[in-house]
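J.: Got data.cif for you, mmCIF, C-alpha atoms:
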```cif
data_entry
#
loop_
_atom_site.label_atom_id
_atom_site.label_comp_id
_atom_site.auth_asym_id
_atom_site.auth_seq_id
_atom_site.Cartn_x
_atom_site.Cartn_y
_atom_site.Cartn_z
CA MET A 1 56.19 -104.31 -24.90
CA THR A 2 55.20 -101.52 -27.27
CA GLU A 3 53.39 -98.33 -26.34
CA ALA A 4 50.61 -99.27 -28.77
CA ALA A 5 50.06 -102.49 -26.82
CA ASP A 6 49.90 -100.54 -23.59
CA ARG A 7 47.32 -98.16 -25.03
CA SER A 8 45.21 -100.99 -26.44
CA ARG A 9 45.18 -102.94 -23.19
CA ALA A 10 44.28 -99.80 -21.22
CA ARG A 11 40.91 -99.42 -22.96
CA GLY A 12 37.75 -100.38 -21.15
CA PRO A 13 34.92 -102.42 -22.72
CA GLY A 14 33.60 -100.62 -25.75
CA GLU A 15 36.05 -97.72 -25.33
CA THR A 16 37.35 -96.32 -28.59
CA ALA A 17 40.90 -95.40 -29.49
CA LEU A 18 39.77 -91.83 -30.18
CA ALA A 19 39.70 -91.19 -26.46
CA HIS A 20 43.50 -91.64 -26.46
CA VAL A 21 44.27 -89.41 -29.44
CA PRO A 22 45.71 -85.99 -28.53
CA PRO A 23 43.39 -83.26 -29.93
CA ALA A 24 46.31 -81.54 -31.67
CA TYR A 25 46.86 -84.61 -33.82
CA ALA A 26 43.58 -84.04 -35.62
CA GLU A 27 45.20 -81.01 -37.28
CA ILE A 28 47.62 -83.21 -39.21
CA ALA A 29 45.50 -86.33 -39.79
CA HIS A 30 43.66 -85.52 -43.00
CA GLY A 31 43.18 -87.78 -45.98
CA ALA A 32 41.49 -87.36 -49.35
CA ASP A 33 39.29 -89.45 -51.59
CA GLN A 34 41.05 -88.82 -54.91
CA SER A 35 42.60 -91.87 -56.50
CA GLY A 36 45.84 -89.96 -57.06
CA VAL A 37 46.59 -89.95 -53.33
CA ARG A 38 45.99 -93.64 -52.69
CA LEU A 39 49.56 -94.20 -51.50
CA TYR A 40 49.39 -91.21 -49.17
CA ASN A 41 46.12 -92.44 -47.67
CA GLU A 42 47.52 -95.93 -47.15
CA ARG A 43 50.54 -94.51 -45.35
CA LEU A 44 48.34 -92.20 -43.33
CA LEU A 45 46.21 -95.08 -42.11
CA LEU A 46 49.24 -97.19 -41.24
CA SER A 47 50.72 -94.23 -39.36
CA LEU A 48 47.56 -93.73 -37.34
CA VAL A 49 47.34 -97.40 -36.37
CA ARG A 50 51.03 -97.47 -35.50
CA ARG A 51 50.75 -94.30 -33.45
CA PHE A 52 47.55 -94.99 -31.52
CA GLY A 53 47.13 -98.75 -31.52
CA PRO A 54 44.20 -100.77 -32.91
CA LEU A 55 41.56 -98.63 -34.64
CA SER A 56 38.23 -99.46 -36.20
CA LYS A 57 37.30 -98.30 -39.68
CA ILE A 58 34.82 -95.81 -38.25
CA GLU A 59 37.50 -94.37 -35.94
CA VAL A 60 39.95 -94.00 -38.82
CA ALA A 61 37.30 -92.31 -40.93
CA ARG A 62 36.59 -89.81 -38.17
CA LEU A 63 40.30 -89.09 -37.66
CA THR A 64 41.12 -88.58 -41.33
CA GLY A 65 37.98 -87.13 -42.83
CA LEU A 66 37.85 -89.95 -45.36
CA SER A 67 34.51 -91.56 -46.06
CA VAL A 68 33.76 -94.81 -44.25
CA GLN A 69 33.57 -96.51 -47.63
CA SER A 70 37.02 -95.29 -48.67
CA THR A 71 38.48 -96.14 -45.28
CA SER A 72 37.02 -99.63 -45.42
CA ALA A 73 38.43 -100.23 -48.89
CA ILE A 74 41.92 -99.06 -47.90
CA MET A 75 42.02 -101.05 -44.67
CA ASN A 76 40.76 -104.18 -46.42
CA ARG A 77 43.48 -103.76 -49.02
CA LEU A 78 46.16 -103.32 -46.35
CA GLN A 79 44.87 -106.43 -44.60
CA ALA A 80 45.04 -108.41 -47.83
CA GLU A 81 48.62 -107.23 -48.27
CA GLY A 82 49.51 -108.55 -44.81
CA LEU A 83 50.13 -105.13 -43.24
CA LEU A 84 47.04 -104.98 -41.01
CA LYS A 85 45.30 -107.67 -38.97
CA ARG A 86 41.92 -107.91 -37.28
CA GLU A 87 41.72 -107.82 -33.49
CA ALA A 88 38.98 -109.13 -31.21
CA PRO A 89 35.65 -107.28 -31.61
CA LEU A 90 34.90 -104.50 -29.12
CA ARG A 91 31.57 -105.15 -27.42
CA GLY A 92 29.58 -103.33 -24.79
CA ARG A 93 27.89 -100.69 -26.95
CA VAL A 94 24.57 -100.54 -28.78
CA GLY A 95 24.65 -102.10 -32.23
CA GLN A 96 27.13 -104.35 -33.92
CA PRO A 97 30.54 -104.72 -32.24
CA THR A 98 33.35 -102.79 -33.89
CA ILE A 99 36.39 -104.67 -35.12
CA PRO A 100 39.66 -102.78 -34.56
CA MET A 101 42.62 -103.42 -36.81
CA SER A 102 46.28 -103.27 -35.81
CA LEU A 103 49.62 -103.54 -37.52
CA ASP A 104 50.47 -107.12 -38.43
CA PRO A 105 53.88 -107.70 -36.83
CA ASP A 106 54.83 -109.96 -39.73
CA GLY A 107 53.85 -107.32 -42.29
CA ALA A 108 57.43 -106.11 -42.66
CA TYR A 109 60.84 -106.46 -41.07
CA SER A 110 63.94 -104.33 -40.92
CA LEU A 111 67.53 -104.50 -39.72
CA GLY A 112 69.16 -101.76 -37.68
CA LEU A 113 72.88 -101.24 -37.07
CA LYS A 114 74.13 -98.86 -34.40
CA ILE A 115 77.80 -97.94 -34.54
CA GLY A 116 78.83 -96.70 -31.13
CA ARG A 117 82.08 -95.43 -29.73
CA ARG A 118 82.35 -98.38 -27.31
CA SER A 119 80.05 -100.99 -28.86
CA CYS A 120 77.90 -101.83 -31.86
CA ASP A 121 74.52 -103.52 -32.12
CA LEU A 122 72.57 -105.18 -34.91
CA VAL A 123 68.87 -105.93 -34.46
CA LEU A 124 66.03 -107.38 -36.49
CA VAL A 125 62.67 -105.72 -35.75
CA ASP A 126 59.17 -106.49 -36.95
CA PHE A 127 56.53 -104.08 -38.26
CA ARG A 128 55.54 -103.07 -34.73
CA GLY A 129 59.11 -102.32 -33.69
CA ALA A 130 59.57 -105.38 -31.51
CA VAL A 131 63.10 -106.79 -31.53
CA ARG A 132 63.05 -110.34 -32.93
CA SER A 133 66.79 -111.02 -32.63
CA ARG A 134 69.92 -109.09 -31.78
CA ALA A 135 73.71 -109.17 -31.71
CA HIS A 136 76.04 -107.03 -29.59
CA ARG A 137 79.79 -106.46 -29.60
CA THR A 138 82.05 -104.24 -27.49
CA TYR A 139 85.45 -102.78 -28.34
CA ALA A 140 87.89 -100.21 -27.03
CA TYR A 141 87.24 -98.00 -30.05
CA PRO A 142 85.50 -98.48 -33.42
CA THR A 143 87.20 -99.07 -36.75
CA PRO A 144 85.53 -99.72 -40.11
CA GLU A 145 87.00 -103.21 -40.23
CA ARG A 146 85.62 -104.16 -36.82
CA VAL A 147 82.15 -102.97 -37.70
CA LEU A 148 82.06 -104.72 -41.09
CA ASP A 149 83.32 -107.97 -39.57
CA PHE A 150 80.58 -107.74 -36.94
CA VAL A 151 77.88 -107.32 -39.58
CA ARG A 152 79.21 -110.15 -41.75
CA GLU A 153 79.26 -112.54 -38.78
CA SER A 154 75.98 -111.48 -37.17
CA GLN A 155 73.55 -110.77 -40.02
CA PRO A 156 72.95 -114.37 -41.18
CA GLY A 157 72.04 -115.52 -37.67
CA LEU A 158 69.61 -112.68 -37.11
CA VAL A 159 67.44 -113.59 -40.11
CA ALA A 160 67.88 -117.37 -39.85
CA ALA A 161 64.58 -117.91 -38.05
CA LEU A 162 62.55 -116.14 -40.76
CA THR A 163 60.88 -118.10 -43.53
CA ASP A 164 61.66 -117.26 -47.16
CA PRO A 165 58.42 -115.22 -47.55
CA GLN A 166 59.25 -113.33 -44.37
CA ARG A 167 62.76 -112.55 -45.59
CA ARG A 168 61.27 -111.04 -48.72
CA ARG A 169 59.47 -108.60 -46.42
CA ILE A 170 62.73 -107.17 -45.03
CA ALA A 171 62.52 -103.50 -46.02
CA GLY A 172 66.23 -102.77 -45.61
CA ILE A 173 68.99 -102.06 -43.14
CA GLY A 174 69.31 -98.70 -41.41
CA VAL A 175 72.69 -97.57 -40.11
CA ALA A 176 73.02 -95.22 -37.15
CA GLU A 177 76.50 -93.69 -37.19
CA PRO A 178 78.05 -90.81 -35.24
CA PHE A 179 79.21 -88.10 -37.61
CA GLN A 180 82.97 -87.44 -37.84
CA LEU A 181 84.00 -90.39 -35.68
CA TRP A 182 87.67 -89.73 -36.36
CA THR A 183 87.60 -86.42 -34.47
CA TRP A 184 87.02 -87.99 -31.04
CA GLU A 185 90.10 -90.19 -30.58
CA ALA A 186 91.35 -88.37 -27.48
CA GLU A 187 88.03 -88.55 -25.65
CA ILE A 188 87.63 -92.24 -26.47
CA GLY A 189 91.22 -93.04 -25.54
CA ALA A 190 92.12 -94.49 -28.94
CA PRO A 191 95.74 -94.34 -30.21
CA ASP A 192 96.58 -91.44 -32.49
CA GLY A 193 95.39 -92.18 -36.01
CA ALA A 194 93.60 -95.40 -35.03
CA MET A 195 90.23 -94.07 -36.20
CA ALA A 196 91.43 -92.15 -39.24
CA GLY A 197 89.94 -94.81 -41.49
CA TRP A 198 86.49 -93.36 -40.90
CA ARG A 199 87.40 -90.10 -42.63
CA ASP A 200 87.09 -91.48 -46.17
CA PHE A 201 85.03 -94.58 -45.40
CA ASP A 202 81.84 -94.87 -47.46
CA ILE A 203 79.81 -97.00 -45.10
CA ALA A 204 76.70 -97.02 -47.28
CA SER A 205 78.62 -98.59 -50.18
CA GLU A 206 80.52 -100.99 -47.95
CA MET A 207 77.32 -102.14 -46.26
CA ALA A 208 75.63 -102.61 -49.61
CA ALA A 209 78.49 -104.92 -50.61
CA ILE A 210 77.95 -107.28 -47.67
CA SER A 211 74.17 -107.01 -47.18
CA PRO A 212 71.46 -107.90 -49.71
CA TYR A 213 69.13 -105.22 -48.37
CA PRO A 214 68.81 -101.50 -49.24
CA VAL A 215 70.91 -99.30 -46.95
CA THR A 216 69.81 -96.06 -45.27
CA LEU A 217 72.28 -93.99 -43.25
CA CYS A 218 71.58 -91.34 -40.62
CA ASN A 219 73.20 -89.67 -37.62
CA ASP A 220 73.05 -91.92 -34.55
CA ALA A 221 71.39 -89.46 -32.17
CA THR A 222 68.76 -88.46 -34.75
CA VAL A 223 68.06 -92.15 -35.30
CA ALA A 224 67.62 -92.70 -31.55
CA CYS A 225 65.11 -89.87 -31.58
CA ALA A 226 63.33 -91.61 -34.47
CA ALA A 227 63.00 -94.75 -32.34
CA GLU A 228 61.38 -92.77 -29.54
CA PHE A 229 59.12 -90.93 -31.99
CA PHE A 230 57.88 -94.00 -33.88
CA PHE A 231 58.01 -96.76 -31.29
CA GLY A 232 58.19 -95.04 -27.91
CA ARG A 233 56.36 -92.21 -26.17
CA GLY A 234 56.95 -89.67 -28.90
CA TRP A 235 53.34 -89.98 -30.10
CA ARG A 236 52.29 -88.03 -27.00
CA HIS A 237 54.01 -84.83 -28.12
CA ARG A 238 53.93 -82.91 -31.40
CA ASP A 239 57.08 -81.02 -30.39
CA PHE A 240 59.92 -82.28 -28.25
CA LEU A 241 63.68 -82.07 -27.79
CA TYR A 242 65.39 -85.40 -27.31
CA PHE A 243 68.59 -86.05 -25.33
CA PHE A 244 70.33 -89.42 -25.72
CA LEU A 245 73.27 -90.19 -23.45
CA GLY A 246 75.68 -92.66 -24.97
CA ALA A 247 79.46 -92.55 -24.73
CA PHE A 248 78.84 -89.01 -26.04
CA ILE A 249 75.54 -87.17 -25.69
CA GLY A 250 73.48 -86.47 -28.81
CA GLY A 251 69.98 -85.36 -29.59
CA GLY A 252 67.06 -84.99 -31.95
CA VAL A 253 64.24 -82.58 -32.71
CA VAL A 254 60.55 -83.27 -33.42
CA LEU A 255 58.44 -80.31 -34.58
CA ASP A 256 54.83 -80.26 -35.73
CA GLY A 257 54.63 -84.04 -35.59
CA ALA A 258 57.70 -84.53 -37.80
CA LEU A 259 61.26 -85.63 -37.11
CA ARG A 260 63.52 -82.82 -38.32
CA ILE A 261 66.99 -83.73 -39.52
CA GLY A 262 68.14 -80.35 -40.82
CA ARG A 263 69.68 -79.39 -44.13
CA THR A 264 72.81 -81.53 -43.55
CA GLY A 265 71.26 -84.17 -41.30
CA ASN A 266 72.78 -82.61 -38.20
CA ALA A 267 69.75 -81.06 -36.50
CA GLY A 268 69.68 -81.67 -32.76
CA ALA A 269 73.47 -81.68 -32.44
CA ILE A 270 73.09 -80.65 -28.82
CA GLY A 271 76.42 -82.24 -27.86
CA SER A 272 78.11 -79.20 -29.39
CA MET A 273 76.01 -76.73 -27.36
CA PRO A 274 78.21 -74.56 -25.12
CA VAL A 275 77.43 -74.84 -21.42
CA ALA A 276 78.04 -71.36 -20.01
CA MET A 277 77.72 -72.39 -16.36
CA ARG A 278 81.01 -74.30 -16.75
CA ALA A 279 82.89 -71.47 -18.46
CA ASP A 280 86.49 -70.81 -17.44
CA ALA A 281 89.41 -68.89 -18.87
CA ARG A 282 89.28 -71.09 -21.99
CA GLY A 283 85.60 -70.40 -22.56
CA ALA A 284 82.44 -72.49 -22.21
CA PRO A 285 82.84 -76.25 -22.70
CA GLN A 286 80.47 -78.21 -24.91
CA LEU A 287 77.63 -80.23 -23.45
CA ILE A 288 79.39 -83.36 -24.69
CA ALA A 289 82.10 -82.76 -22.05
CA CYS A 290 79.56 -82.29 -19.24
CA ALA A 291 76.81 -84.84 -19.91
CA SER A 292 78.28 -87.92 -21.55
CA ILE A 293 78.87 -91.41 -20.23
CA TYR A 294 82.57 -91.29 -21.06
CA GLN A 295 82.82 -88.80 -18.19
CA LEU A 296 81.38 -91.45 -15.88
CA GLU A 297 84.05 -93.84 -17.17
CA ARG A 298 86.71 -91.35 -16.16
CA ARG A 299 85.21 -90.87 -12.71
CA LEU A 300 85.15 -94.62 -12.16
CA ALA A 301 88.74 -95.03 -13.36
CA ASP A 302 89.90 -92.29 -11.01
CA ALA A 303 88.15 -94.15 -8.18
CA GLY A 304 89.80 -97.45 -9.14
CA VAL A 305 86.52 -99.03 -10.30
CA ASP A 306 86.26 -101.26 -13.38
CA ALA A 307 83.86 -99.54 -15.78
CA SER A 308 83.74 -102.25 -18.46
CA SER A 309 80.22 -103.36 -17.48
CA ILE A 310 78.88 -99.98 -18.64
CA TRP A 311 79.11 -101.19 -22.25
CA ALA A 312 79.09 -104.96 -21.82
CA THR A 313 75.76 -104.96 -19.95
CA PRO A 314 74.32 -101.44 -20.17
CA ASP A 315 70.98 -102.52 -18.69
CA SER A 316 72.46 -103.99 -15.53
CA TRP A 317 75.16 -101.66 -14.25
CA ALA A 318 76.81 -102.66 -11.03
CA GLU A 319 76.60 -100.33 -8.05
CA PHE A 320 79.06 -97.55 -8.85
CA GLY A 321 78.43 -95.56 -5.70
CA ALA A 322 79.77 -92.05 -5.20
CA PRO A 323 81.23 -91.61 -8.73
CA LEU A 324 77.82 -92.36 -10.22
CA ASP A 325 76.06 -89.97 -7.84
CA ALA A 326 78.47 -87.18 -8.72
CA TRP A 327 78.06 -87.85 -12.44
CA ILE A 328 74.26 -87.68 -12.16
CA GLU A 329 74.48 -84.30 -10.43
CA GLU A 330 76.87 -82.90 -13.02
CA THR A 331 74.84 -84.30 -15.93
CA ALA A 332 71.48 -83.13 -14.58
CA GLU A 333 72.80 -79.59 -14.11
CA ALA A 334 74.19 -79.49 -17.66
CA LEU A 335 70.98 -80.89 -19.16
CA ALA A 336 68.87 -78.39 -17.24
CA TYR A 337 70.89 -75.44 -18.55
CA ALA A 338 70.80 -76.86 -22.08
CA SER A 339 67.02 -77.26 -21.81
CA VAL A 340 66.57 -73.62 -20.87
CA ALA A 341 68.71 -72.57 -23.82
CA ALA A 342 66.74 -74.84 -26.18
CA ILE A 343 63.26 -73.71 -25.17
CA SER A 344 64.34 -70.09 -25.52
CA ILE A 345 64.72 -70.79 -29.26
CA ILE A 346 61.90 -73.29 -29.86
CA ASP A 347 58.81 -73.55 -27.68
CA PHE A 348 59.12 -77.28 -27.07
CA GLU A 349 56.27 -79.08 -25.41
CA ALA A 350 58.53 -81.68 -23.81
CA ILE A 351 62.13 -82.67 -23.09
CA VAL A 352 62.71 -86.43 -23.43
CA ILE A 353 65.80 -88.00 -21.85
CA ASP A 354 67.07 -91.49 -22.66
CA GLY A 355 70.41 -93.26 -22.87
CA GLU A 356 72.53 -96.37 -22.61
CA MET A 357 71.79 -96.88 -18.94
CA PRO A 358 69.44 -98.89 -16.72
CA PRO A 359 65.84 -97.62 -16.84
CA ALA A 360 65.82 -96.80 -13.12
CA LEU A 361 68.89 -94.63 -13.55
CA ARG A 362 67.41 -92.92 -16.61
CA ASP A 363 64.29 -92.10 -14.60
CA ARG A 364 66.40 -90.78 -11.73
CA LEU A 365 68.41 -88.58 -14.09
CA THR A 366 65.26 -87.23 -15.72
CA GLU A 367 63.71 -86.38 -12.37
CA ARG A 368 66.87 -84.68 -11.14
CA THR A 369 67.18 -82.66 -14.36
CA ALA A 370 63.61 -81.43 -13.94
CA GLN A 371 64.38 -80.42 -10.34
CA VAL A 372 67.45 -78.41 -11.34
CA PHE A 373 65.51 -76.88 -14.22
CA GLU A 374 62.95 -75.51 -11.75
CA THR A 375 65.69 -73.58 -9.91
CA LEU A 376 66.94 -71.72 -13.01
CA ASP A 377 65.90 -68.28 -14.24
CA ARG A 378 63.22 -69.01 -16.86
CA ARG A 379 61.47 -65.67 -17.02
CA GLY A 380 59.72 -65.20 -20.36
CA LEU A 381 59.74 -68.93 -21.16
CA SER A 382 56.85 -71.40 -21.30
CA GLU A 383 56.58 -74.46 -19.11
CA VAL A 384 57.95 -77.73 -20.47
CA GLN A 385 57.39 -81.35 -19.46
CA PHE A 386 60.34 -83.65 -18.71
CA SER A 387 59.80 -87.30 -19.67
CA PRO A 388 62.06 -90.35 -19.58
CA GLY A 389 62.48 -92.11 -22.90
CA MET A 390 61.05 -95.57 -23.47
CA ILE A 391 63.52 -97.36 -25.75
CA GLY A 392 66.76 -97.27 -23.74
CA ALA A 393 70.10 -98.66 -24.82
CA ASP A 394 68.61 -100.13 -28.02
CA ALA A 395 67.41 -96.74 -29.30
CA GLY A 396 70.20 -96.38 -31.88
CA ALA A 397 69.76 -99.86 -33.34
CA ILE A 398 65.95 -99.79 -33.24
CA GLY A 399 65.97 -96.30 -34.71
CA GLY A 400 68.24 -97.54 -37.48
CA ALA A 401 65.77 -100.33 -38.19
CA ALA A 402 62.97 -97.75 -38.24
CA LEU A 403 64.51 -95.88 -41.17
CA PRO A 404 63.67 -98.42 -43.92
CA LEU A 405 60.17 -98.85 -42.47
CA VAL A 406 59.68 -95.09 -42.45
CA LYS A 407 60.81 -94.80 -46.07
CA ALA A 408 58.46 -97.56 -47.14
CA PHE A 409 55.38 -96.96 -45.00
CA ALA A 410 55.32 -93.55 -43.27
CA ARG A 411 53.95 -90.23 -44.46
CA ASP A 412 56.45 -87.70 -45.79
CA ARG A 413 55.61 -85.12 -43.16
CA GLU A 414 56.35 -87.54 -40.31
CA VAL A 415 60.04 -87.68 -41.18
CA LEU A 416 62.22 -85.87 -43.67
CA LEU A 417 64.91 -88.31 -44.82
CA LYS A 418 65.15 -87.57 -48.53
CA ASP A 419 68.11 -85.21 -48.42
CA VAL A 420 70.20 -87.39 -46.14
CA VAL A 421 69.53 -90.47 -48.24
CA ALA A 422 70.57 -88.58 -51.35
CA GLN A 423 73.77 -87.38 -49.74
CA THR A 424 74.83 -90.71 -48.28
CA GLY A 425 73.59 -93.32 -50.65
#
```
Would you mind writing the file's structure down as structure tokens?

T.:
Amino acid sequence: MTEAADRSRARGPGETALAHVPPAYAEIAHGADQSGVRLYNERLLLSLVRRFGPLSKIEVARLTGLSVQSTSAIMNRLQAEGLLKREAPLRGRVGQPTIPMSLDPDGAYSLGLKIGRRSCDLVLVDFRGAVRSRAHRTYAYPTPERVLDFVRESQPGLVAALTDPQRRRIAGIGVAEPFQLWTWEAEIGAPDGAMAGWRDFDIASEMAAISPYPVTLCNDATVACAAEFFFGRGWRHRDFLYFFLGAFIGGGVVLDGALRIGRTGNAGAIGSMPVAMRADARGAPQLIACASIYQLERRLADAGVDASSIWATPDSWAEFGAPLDAWIEETAEALAYASVAAISIIDFEAIVIDGEMPPALRDRLTERTAQVFETLDRRGLSEVQFSPGMIGADAGAIGGAALPLVKAFARDREVLLKDVVAQTG
């Protein structure tokens, strides 16, 4: 279920979507009537409907500053193109009922590939971000050959249920890949040199050779943040720091209503943040060594517990008992210290925590992190809200699928992908 659906269903009779729009969003939702910005206005309208759920033409006009006539023309055109669809009229007010319009789920499709350190996923999503089909594979460690074989075998089945016209609406395939995979052999437990093939592997070119769709590549944690921003709860905050706990922890940054990737695509690389509270004679370890799921694997192995279900069924972990409890405490403490460090640099409105774990455990970790955060010295810093993410284990793959949709249908200021695309493709 999407957040937009939740927001739409929560409205009372005759209640408008404007009641659910954060006031700060009005600062960045401005259109123009000039014909030269037609594409921008179309993308703006699609972004508003995606962000806030079904909207009437009058509501969109009020949000953007466009005339009702211009708004009506644009929304009619988007409906004719199959990108918007009419919803049931809203009644209960004086005058004619308003007719909200929402994204047509069949308006566009996209594929998303997440390359993880223990598993990989390929999903097909529709225009609203709902997963239509998926494939999943686990391994001891990733190699280029394993990933390419997985895509070759899985891709045809994922799109098999689509009609030919629907397949022509596939915007592309987005790839979420950890940067410098070859540098983490020891932590993953791979044999020496087993992952060296990633060093010179041009995944964008190799994917283009086996897939008929345009390829977009981005860092896996940034992509997970994109999934939360576009399809999860990210619409609630104009500024937030995002933690995603996979085999290794990663992150993302949203500022002023835009996903920031940085000059090299490595913004939000919070896994490399030193955690001073764990410093010893060798110095402060990185957050990646204090708040990653591979550390839970090690705890379970030391306790004689089989940890394979962590990656085989990440949404239904077995009861891991004391090792899991200890890992949550260690992880929450590290995340709390990292959050203090982060908000001392950027005045984030929220800290969002998600990961490849059951939702109940994610919520528990978020709550515990907030509790530890309250005990730390935060003099001179603003308050920040801690929120659990909404996407979960699929964030990397869904975020990958979001990339082609963003390139084709989102406003430039919502996400800055141009430099990364130029560098990788």

J.: Excluding segment 330-340 of chain A and its own-chain neighbours fewer than 3 positions away, which residues fall within 8 Å of it when counting only C-alpha atoms? Please give them as a list in words.

T.: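 Answer for this query is Met273, Val275, Met277, Leu287, Cys290, Ala291, Ser292, Ala326, Trp327, Ile343, Ser344, Ile351, Leu365, Thr366, Arg368, Thr369, Ala370, Val372, Phe373, Leu376 and Arg378 of chain A.
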
J.: Running the PyMOL selection byres ((chain A and resi 226) around 12) on this model by hand, what would come out? Give it as a PyMOL selection string.

T.: chain A and resi 129+174+176+218-225+227-235+240-244+251-254+257-261+268+389-391+394-406+414-417

J.: In terms of the shortest atom-to-atom distance over all atoms listed in the file, which of A:Ile328, A:Ile353, A:Ile173, A:Ala80 is closest to Phe386 of chain A?

T.: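 Smallest separation from Phe386 of chain A among the options: A:Ile353.
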
J.: Find the spatial neighbours of segment 302-308 of chain A, counting all atoms listed in the file, within a cut-off of 8 Å - ignore same-chain residues fewer than 5 positions away - and output them as a PyMOL selection string.

T.: chain A and resi 297+320+323

J.: One decimal, in Å: what's the spacing between atom CA of Ala342 of chain A and atom CA of Lys114 of chain A?

T.: 26.4 Å

J.: Ranking A:Ser119, A:Thr216, A:Gln286, A:Ser154 by minimum distance to Ala393 of chain A and counting all atoms listed in the file, which one comes first?

T.: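 Closest residue, counting all atoms listed in the file: A:Ser119.
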
J.: Once the PyMOL selection byres ((chain A and resi 152) around 12) is applied to the coordinates I shared, what remains selected? I want it as a compact mmCIF listing (two decimals) with C-alpha atoms, in the frame of the given file.

T.:
```
# COMPACT_ATOMS: atom_id res chain seq x y z
CA LEU A 113 72.88 -101.24 -37.07
CA LEU A 122 72.57 -105.18 -34.91
CA ALA A 135 73.71 -109.17 -31.71
CA GLU A 145 87.00 -103.21 -40.23
CA ARG A 146 85.62 -104.16 -36.82
CA VAL A 147 82.15 -102.97 -37.70
CA LEU A 148 82.06 -104.72 -41.09
CA ASP A 149 83.32 -107.97 -39.57
CA PHE A 150 80.58 -107.74 -36.94
CA VAL A 151 77.88 -107.32 -39.58
CA GLU A 153 79.26 -112.54 -38.78
CA SER A 154 75.98 -111.48 -37.17
CA GLN A 155 73.55 -110.77 -40.02
CA PRO A 156 72.95 -114.37 -41.18
CA GLY A 157 72.04 -115.52 -37.67
CA LEU A 158 69.61 -112.68 -37.11
CA GLU A 206 80.52 -100.99 -47.95
CA MET A 207 77.32 -102.14 -46.26
CA ALA A 208 75.63 -102.61 -49.61
CA ALA A 209 78.49 -104.92 -50.61
CA ILE A 210 77.95 -107.28 -47.67
CA SER A 211 74.17 -107.01 -47.18
CA PRO A 212 71.46 -107.90 -49.71
```

J.: Could you tell me which residues the PyMOL selection byres ((chain A and resi 188) around 9) grabs in this file, written as a short mmCIF file (atom, residue, chain, number, x, y, z; two decimals) with C-alpha atoms, in the frame of the given file?

T.:
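Writing the result to part-v2.cif gives the following:
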```cif
data_model
loop_
_atom_site.label_atom_id
_atom_site.label_comp_id
_atom_site.auth_asym_id
_atom_site.auth_seq_id
_atom_site.Cartn_x
_atom_site.Cartn_y
_atom_site.Cartn_z
CA ARG A 117 82.08 -95.43 -29.73
CA ARG A 118 82.35 -98.38 -27.31
CA ALA A 140 87.89 -100.21 -27.03
CA TYR A 141 87.24 -98.00 -30.05
CA TRP A 184 87.02 -87.99 -31.04
CA GLU A 185 90.10 -90.19 -30.58
CA ALA A 186 91.35 -88.37 -27.48
CA GLU A 187 88.03 -88.55 -25.65
CA GLY A 189 91.22 -93.04 -25.54
CA ALA A 190 92.12 -94.49 -28.94
CA ALA A 247 79.46 -92.55 -24.73
CA TYR A 294 82.57 -91.29 -21.06
#
```

J.: From the set A:Ala312, A:Val352, A:Leu300, A:Leu45, which residue has the shortest atom-to-atom contact distance to Ala61 of chain A, counting all atoms listed in the file?

T.: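 Smallest separation from Ala61 of chain A among the options: A:Leu45.
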
J.: Tell me, in Å to one decimal, how far atom CA of His237 of chain A is from atom CA of Glu349 of chain A.

T.: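 Between atom CA of His237 of chain A and atom CA of Glu349 of chain A the gap works out to 6.7 Å.
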